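File shown: coords-v7.cif. Contents: mmCIF, C-alpha atoms and all ligand atoms.
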data_model
loop_
_atom_site.label_atom_id
_atom_site.label_comp_id
_atom_site.auth_asym_id
_atom_site.auth_seq_id
_atom_site.Cartn_x
_atom_site.Cartn_y
_atom_site.Cartn_z
CA MET A 1 25.92 5.14 -27.04
CA SER A 2 23.61 2.38 -25.82
CA ILE A 3 20.83 3.05 -23.35
CA LEU A 4 22.69 1.09 -20.71
CA ASN A 5 25.84 3.14 -21.24
CA THR A 6 23.87 6.36 -20.98
CA LEU A 7 22.27 5.20 -17.74
CA GLN A 8 25.67 4.24 -16.36
CA GLU A 9 26.96 7.67 -17.15
CA ARG A 10 23.90 9.37 -15.68
CA SER A 11 24.16 7.46 -12.43
CA GLY A 12 27.94 7.19 -12.12
CA SER A 13 27.44 3.41 -12.34
CA THR A 14 25.43 3.14 -9.13
CA CYS A 15 21.92 1.95 -8.44
CA GLU A 16 19.81 5.06 -8.90
CA LEU A 17 17.61 4.01 -5.99
CA CYS A 18 19.92 2.70 -3.27
CA GLY A 19 23.40 3.63 -4.48
CA SER A 20 24.71 0.06 -4.59
CA LYS A 21 27.34 -0.75 -7.21
CA ASP A 22 26.57 -4.47 -7.36
CA ASN A 23 24.84 -6.35 -10.16
CA LEU A 24 23.58 -3.30 -11.98
CA SER A 25 21.14 -3.60 -14.82
CA MET A 26 18.50 -1.58 -16.55
CA TYR A 27 14.96 -1.40 -15.20
CA LYS A 28 12.38 -0.29 -17.73
CA LEU A 29 9.45 1.34 -15.99
CA PRO A 30 6.11 -0.20 -16.81
CA PRO A 31 4.01 0.56 -18.79
CA MET A 32 6.62 2.00 -21.18
CA PRO A 33 6.36 -0.03 -24.39
CA VAL A 34 9.93 0.49 -25.55
CA GLU A 35 13.23 0.94 -23.82
CA THR A 36 14.30 4.54 -23.61
CA VAL A 37 16.79 6.42 -21.47
CA ASP A 38 14.11 8.61 -19.95
CA GLY A 39 11.83 5.66 -19.25
CA SER A 40 14.47 3.53 -17.53
CA ILE A 41 16.73 3.59 -14.52
CA LEU A 42 19.84 1.73 -13.50
CA THR A 43 19.17 -0.57 -10.57
CA CYS A 44 20.97 -3.17 -8.51
CA ALA A 45 19.63 -6.73 -8.41
CA THR A 46 18.06 -6.21 -4.97
CA CYS A 47 16.03 -3.18 -5.99
CA LYS A 48 15.04 -4.67 -9.33
CA ASN A 49 13.90 -7.94 -7.79
CA GLN A 50 11.70 -6.13 -5.29
CA LEU A 51 10.28 -3.81 -7.94
CA GLU A 52 9.28 -6.76 -10.06
CA ASN A 53 8.08 -9.02 -7.22
CA PRO A 54 5.79 -7.14 -4.83
CA ASP A 55 5.76 -10.21 -2.57
CA ALA A 56 9.53 -9.98 -2.06
CA VAL A 57 9.50 -6.42 -0.76
CA ASP A 58 11.60 -5.67 2.30
CA ALA A 59 10.27 -2.30 3.45
CA ASN A 60 13.48 -1.34 5.26
CA HIS A 61 15.52 -1.59 2.08
CA TRP A 62 13.47 1.29 0.68
CA ARG A 63 14.55 3.75 3.30
CA CYS A 64 17.14 4.55 0.61
CA LEU A 65 14.39 6.51 -1.11
CA ASN A 66 14.84 9.11 1.59
CA ASP A 67 17.80 10.27 -0.52
CA SER A 68 17.06 9.06 -4.02
CA MET A 69 13.54 10.46 -4.28
CA TRP A 70 15.19 13.89 -4.62
CA SER A 71 16.81 12.80 -7.88
CA GLU A 72 16.31 15.10 -10.84
CA VAL A 73 15.64 12.06 -13.01
CA ALA A 74 11.90 11.80 -13.57
CA ALA A 75 11.98 8.00 -13.84
CA VAL A 76 13.61 7.78 -10.39
CA GLN A 77 10.94 10.06 -8.92
CA VAL A 78 8.26 7.90 -10.48
CA VAL A 79 9.71 4.66 -9.10
CA ALA A 80 10.09 6.28 -5.68
CA TRP A 81 6.47 7.43 -5.76
CA ARG A 82 5.25 3.96 -6.70
CA MET A 83 7.28 2.16 -4.08
CA LEU A 84 6.41 4.61 -1.31
CA THR A 85 2.75 4.28 -2.26
CA ARG A 86 3.02 0.51 -2.13
CA LEU A 87 4.61 0.68 1.34
CA ARG A 88 2.73 3.59 2.83
CA ALA A 89 0.95 1.49 5.43
CA GLU A 90 4.34 1.31 7.17
CA GLY A 91 4.02 4.96 8.18
CA TRP A 92 7.39 6.46 7.26
CA PRO A 93 6.82 5.99 3.49
CA GLN A 94 3.69 8.12 3.80
CA ASP A 95 5.79 10.86 5.41
CA LEU A 96 8.23 10.79 2.49
CA LEU A 97 5.35 10.67 0.03
CA ASP A 98 3.96 13.84 1.58
CA MET A 99 7.24 15.59 0.77
CA LEU A 100 7.67 14.15 -2.71
CA TYR A 101 6.43 16.55 -5.33
CA LEU A 102 5.88 15.24 -8.85
CA ASP A 103 4.80 17.56 -11.61
CA GLU A 104 1.50 16.78 -13.26
CA GLU A 105 2.92 14.79 -16.14
CA ASN A 106 5.13 12.63 -13.96
CA LEU A 107 2.37 12.01 -11.46
CA LYS A 108 0.20 10.76 -14.30
CA TRP A 109 3.03 8.49 -15.35
CA ALA A 110 3.53 7.27 -11.78
CA LYS A 111 -0.14 6.35 -11.51
CA ALA A 112 -0.23 4.64 -14.89
CA THR A 113 0.33 1.21 -13.39
CA GLY A 114 -2.62 1.58 -11.04
CA GLU A 115 -0.40 1.69 -7.94
CA GLY A 116 -2.33 3.14 -5.04
CA ILE A 117 -5.64 3.49 -6.84
CA GLU A 118 -7.08 0.29 -5.50
CA GLU A 119 -6.19 1.16 -1.91
CA GLU A 120 -7.61 4.66 -2.04
CA HIS A 121 -11.02 3.28 -2.78
CA LYS A 122 -10.89 0.23 -0.62
CA VAL A 123 -12.70 0.41 2.70
CA ILE A 124 -10.85 -1.65 5.28
CA HIS A 125 -12.62 -2.80 8.42
CA ARG A 126 -10.59 -3.43 11.56
CA ASP A 127 -11.54 -4.72 14.97
CA VAL A 128 -10.69 -3.01 18.26
CA ASN A 129 -7.13 -4.32 18.03
CA GLY A 130 -6.63 -3.23 14.46
CA VAL A 131 -6.99 -6.73 13.03
CA VAL A 132 -8.46 -6.66 9.54
CA LEU A 133 -11.98 -8.06 9.34
CA GLU A 134 -13.25 -9.89 6.29
CA SER A 135 -16.73 -10.80 5.24
CA GLY A 136 -17.65 -14.17 6.79
CA ASP A 137 -15.43 -13.74 9.86
CA SER A 138 -16.68 -14.32 13.39
CA VAL A 139 -16.31 -11.68 16.06
CA VAL A 140 -17.09 -11.37 19.74
CA LEU A 141 -18.64 -8.31 21.37
CA ILE A 142 -16.35 -6.64 23.88
CA LYS A 143 -19.12 -4.73 25.63
CA ASP A 144 -22.88 -4.85 26.09
CA LEU A 145 -24.57 -3.20 23.16
CA LYS A 146 -28.08 -1.83 23.02
CA VAL A 147 -29.66 -2.73 19.74
CA LYS A 148 -31.13 0.34 18.14
CA GLY A 149 -34.89 0.31 17.80
CA SER A 150 -35.44 -2.65 20.09
CA SER A 151 -35.23 -3.63 23.73
CA LEU A 152 -32.53 -6.14 22.93
CA VAL A 153 -29.15 -5.88 24.57
CA ALA A 154 -26.42 -7.87 22.94
CA LYS A 155 -24.24 -9.02 25.79
CA GLN A 156 -20.50 -8.66 26.04
CA GLY A 157 -18.93 -11.96 25.01
CA THR A 158 -21.62 -12.75 22.45
CA ALA A 159 -20.18 -14.30 19.33
CA VAL A 160 -21.40 -12.96 16.03
CA ARG A 161 -20.73 -15.34 13.20
CA ARG A 162 -20.42 -14.75 9.48
CA ILE A 163 -20.36 -10.99 9.59
CA SER A 164 -20.86 -8.85 6.52
CA LEU A 165 -19.07 -5.57 5.95
CA ASP A 166 -20.58 -2.22 5.11
CA PRO A 167 -18.89 -1.42 1.81
CA GLU A 168 -19.24 2.32 2.36
CA ASN A 169 -18.23 2.68 5.98
CA GLU A 170 -15.20 1.07 7.57
CA LYS A 171 -16.74 1.39 11.04
CA TYR A 172 -19.83 -0.71 10.39
CA ILE A 173 -20.32 -4.44 10.14
CA GLU A 174 -23.47 -6.49 10.30
CA GLY A 175 -24.24 -9.84 11.83
CA LYS A 176 -26.86 -11.85 13.63
CA VAL A 177 -27.35 -11.87 17.37
CA GLY A 178 -29.89 -14.59 17.95
CA PRO A 179 -32.46 -14.15 15.21
CA THR A 180 -31.84 -10.44 14.85
CA GLN A 181 -29.61 -8.91 12.23
CA ILE A 182 -27.82 -5.95 13.81
CA VAL A 183 -25.34 -3.30 12.79
CA ILE A 184 -22.25 -3.24 15.00
CA ILE A 185 -19.50 -0.67 15.25
CA THR A 186 -16.10 -2.25 14.67
CA ASP A 187 -14.65 -0.58 17.79
CA TYR A 188 -16.77 -2.92 19.92
CA VAL A 189 -15.72 -6.23 18.43
CA LYS A 190 -12.75 -8.53 18.51
CA LYS A 191 -12.07 -11.03 15.77
CA LEU A 192 -12.37 -14.68 16.83
ZN ZN A 201 19.49 -0.69 -5.42
#
Translate this structure into structure tokens?
Amino acid sequence: MSILNTLQERSGSTCELCGSKDNLSMYKLPPMPVETVDGSILTCATCKNQLENPDAVDANHWRCLNDSMWSEVAAVQVVAWRMLTRLRAEGWPQDLLDMLYLDEENLKWAKATGEGIEEEHKVIHRDVNGVVLESGDSVVLIKDLKVKGSSLVAKQGTAVRRISLDPENEKYIEGKVGPTQIVIITDYVKKL
């Protein structure tokens, strides 16, 4: 029996992620070098397209993982883990992720593509409104700030141009107010 036939039998000819019966094909999980039954799942065109093109992801489509992440098929668990990790900023995927238990071996497999690793170590700075700040941005102070170790008060409304980000702490940015380089807490700035 071919791999595809075995997958069709395993899944009852439905997408193993969302249950659709349309345009089914095999999805080989990266980084598996060869096609195997255990390293592949049967997916519909919608799921497969979004798995292969992170830019095309429609988060709502993946609410289907609410059901399919409980599959006994390890490859389905692994795909669910990867997709939920990719989407976890949405909130609800993180909740599902908290419930999804992968054994050690499968978790290692799930992480093999590097999904999630980058984000765990990335410090993201946000202004008072939650807007992401990047190095080089300009911000405006939303309240008067006493500058530590000086008599200077940086006034509310002061623009701080070309900020730099503290790579270790998401709450700190630096920038010049007049001639003075100061450290500013992100809660007190708004991106311009
Ligand atoms: Zn699907």
Exercise. Within 12 Å of ligand ZN 201 (chain A), counting only C-alpha atoms and all ligand atoms: which residues, as an MDAnalysis selection string?
Worked result: chainID A and resid 11 13:27 41:51 61:65 68 76 79:80
Exercise. Distance atom CA of Lys171 of chain A-atom CA of Met83 of chain A, one decimal place?
Worked result: 28.4 Å
For this session: Please provide as a PyMOL selection string all residues within 9 Å of segment 128-130 of chain A, with the sequence filter that same-chain residues fewer than 3 positions apart are discarded (counting all atoms listed in the file).
Result: chain A and resi 125+133+142+186-191
Exercise. So which residues touch Lys143 of chain A within 8 Å, counting all atoms listed in the file, skipping near sequence neighbours fewer than 3 positions away, as a VMD selection string?
Worked result: chain A and resid 155 to 157 188
Applying 12 Å and only C-alpha atoms, which residues near Ala74 of chain A remain after dropping the ones on its own chain fewer than 5 positions away? List them as a tab-separated table (two decimals) with C-alpha atoms, keeping the file's coordinate frame.
chain	number	residue	atom	x	y	z
A	16	GLU	CA	19.81	5.06	-8.90
A	29	LEU	CA	9.45	1.34	-15.99
A	37	VAL	CA	16.79	6.42	-21.47
A	38	ASP	CA	14.11	8.61	-19.95
A	39	GLY	CA	11.83	5.66	-19.25
A	40	SER	CA	14.47	3.53	-17.53
A	41	ILE	CA	16.73	3.59	-14.52
A	68	SER	CA	17.06	9.06	-4.02
A	69	MET	CA	13.54	10.46	-4.28
A	79	VAL	CA	9.71	4.66	-9.10
A	80	ALA	CA	10.09	6.28	-5.68
A	81	TRP	CA	6.47	7.43	-5.76
A	100	LEU	CA	7.67	14.15	-2.71
A	101	TYR	CA	6.43	16.55	-5.33
A	102	LEU	CA	5.88	15.24	-8.85
A	103	ASP	CA	4.80	17.56	-11.61
A	104	GLU	CA	1.50	16.78	-13.26
A	105	GLU	CA	2.92	14.79	-16.14
A	106	ASN	CA	5.13	12.63	-13.96
A	107	LEU	CA	2.37	12.01	-11.46
A	108	LYS	CA	0.20	10.76	-14.30
A	109	TRP	CA	3.03	8.49	-15.35
A	110	ALA	CA	3.53	7.27	-11.78
Would you kindly return, as an mmCIF file with C-alpha atoms, keeping the file's coordinate frame, each protein, DNA or RNA residue with an atom no farther than 7 Å from any atom of Val123 of chain A, considering all atoms listed in the file and excluding same-chain residues fewer than 6 positions away?
data_model
loop_
_atom_site.group_PDB
_atom_site.id
_atom_site.type_symbol
_atom_site.label_atom_id
_atom_site.label_comp_id
_atom_site.auth_asym_id
_atom_site.auth_seq_id
_atom_site.Cartn_x
_atom_site.Cartn_y
_atom_site.Cartn_z
ATOM 1 C CA PRO A 167 -18.890 -1.420 1.810
ATOM 2 C CA GLU A 168 -19.240 2.320 2.360
ATOM 3 C CA ASN A 169 -18.230 2.680 5.980
ATOM 4 C CA GLU A 170 -15.200 1.070 7.570
#
Exercise. Got a sec: who's within 8 Å of segment 85-88 of chain A, counting all atoms listed in the file, leaving out chain neighbours fewer than 5 positions off, as number ranges by chain?
Worked result: A: 59, 93-94, 97, 115-116
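Atom CA of Glu72 of chain A is positioned 24.8 Å from atom CA of Gly91 of chain A.
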Problem set entry | Distance query 10 Å from (-25.3, -4.4, 11.7) using all atoms listed in the file, result as number ranges by chain | A: 147-148, 163-166, 172-177, 180-186
Exercise. Which distance in Å separates atom CA of Val153 of chain A and atom CA of Val131 of chain A, to one decimal?
Worked result: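 Between atom CA of Val153 of chain A and atom CA of Val131 of chain A the gap is 25.0 Å.
With distances restricted to all atoms listed in the file, A:Ala159 is the closest residue to Ser138 of chain A from A:Leu7, A:Ala159, A:Ile124, A:Ala56.
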Show me, as AutoDock Vina command-line options, the centre and edge lengths in Å to one decimal of the axis-aligned box that covers every listed atom of segment 67-72 of chain A with 8 Å on each side.
--center_x 15.7 --center_y 12.1 --center_z -5.7 --size_x 20.3 --size_y 22.0 --size_z 26.3
